[in-house]
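Novice: Take a look at this one; I'll ask things after.
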Amino acid sequence: MNGSRRLTPQEIADTLRERIRVGDLKAGDRLPTQAGLAEEFGVERGAVRQALRSLQADGLLSNVSKGSPPRIAEPAPAHDEPQPTMVGLGPRVTEAFSSPRVRVDAVCLTAGSLMLALSEPLREIHAGRLRPERIDVRVLLPSRDIDLAFPVPVDGRGEDDPVHQRWLAMRNAQAQVLQYNLNALRSTHDIDVHVTFRGLPLTPPAKLYLLNGSEALFAYYMVTRRVEPTDSGTLEMYDALGLKSLLFSFESRRSRRDAAFVEQSQKWFDALWETITTDLTLSQ
């Protein structure tokens, strides 16, 4: 393409980006192999790999690390478009971790969604692409001793409630993993990390994530009847599948209405944290 000099990885990425923009490359299309792209652009494969990584970081490619050529990614939905928690939370948390001082506050039934969402920013930190100086995470979870509204057995609670014990074990295990993975950044990357949990005296009917005081992600828990297999049979319960709950995003910079929602959500969280919640230990 250029007889006088070799193209840089950025120029290769810009050329491919333009092909995607004008529709020459559409969502789902496969790119040529790295060898084919290297021959087309007259460069070494290393330059092609750097260009592909740049496009992947922009969300334009998928399956870059796989053995086959990458595909053009589906367009990312707008931040304000509701998405299932398993889809929408990770990218927003990763973006929050690009700040030097990260603050995440969460109210949830268990820490499972947040634990999974943190996997991507942790990978970025370990790869050297993100470098926060301080991370503060506060999580409000239901206390172990309250009668939860859900999950509960369909046929009512007994003295030995296996549904409650299952929830408690899950709450503790997920929170412990979250805490361990974040605290490990102290020794591996010299990041000032603080992770704290407190117990709610109630069952949250919705989940809330507050990111750096500037974004609120809100989702209702949709209670459903379901059956969970166990070693001794099955458990029929009323439960909520948090990963499928639709997240609604509110950003302070987007509008006055969003800014007011974020501000009031933060005040609500802080008030709970400082008043009716209690110390929470992650043990049976």
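The way I read the labels, and the way they are meant: chains A, B, ... in the order of the structure tokens, residue 1 as the first residue of every chain, and ligand 1 as the first ligand shown, with later ones counted on from there.
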Step one, run DSSP on the backbone; step two, keep only residues of range 89-280 of chain A assigned to helix (DSSP H, G or I); then write them as JSON, numbers by chain.
Specialist: {"A": [89, 90, 91, 92, 93, 94, 95, 96, 112, 113, 114, 115, 116, 117, 119, 120, 121, 122, 123, 124, 125, 126, 162, 163, 164, 165, 166, 167, 168, 169, 170, 171, 172, 173, 174, 175, 176, 177, 178, 179, 180, 181, 182, 183, 184, 185, 186, 187, 188, 189, 242, 243, 244, 256, 257, 258, 259, 260, 261, 262, 263, 264, 265, 266, 267, 268, 269, 270, 271, 272, 273, 274]}
Novice: Any idea what's packed within 10 Å of Leu109 in chain A, counting only C-alpha atoms, ignoring anything in its chain fewer than 3 positions away? Could you give it as number ranges by chain?
Specialist: A: 106, 112-113, 140-143, 148, 150-151, 167, 171, 200, 202-207, 221, 240, 242
Novice: A:Ile125, A:Ala169, A:Val154, A:Val163: which is nearest Arg225 in chain A, counting only C-alpha atoms?
Specialist: A:Val154
Novice: Contacts of Leu282 in chain A at 12 Å or less, counting only C-alpha atoms, minus same-chain residues fewer than 6 places along, as a ChimeraX atom specification?
Specialist: /A:110-111,141-144,168-180,196-199
Novice: CA of Leu272 in chain A and CA of Tyr209 in chain A are how many Å apart?
Specialist: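 Rounded to one decimal, the two atoms are 14.2 Å apart.
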Novice: If I take CA of Pro229 in chain A and CA of Ala149 in chain A, how far is one from the other in Å, to one decimal?
Specialist: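 Computing the Euclidean distance for CA of Pro229 in chain A and CA of Ala149 in chain A yields 21.0 Å.
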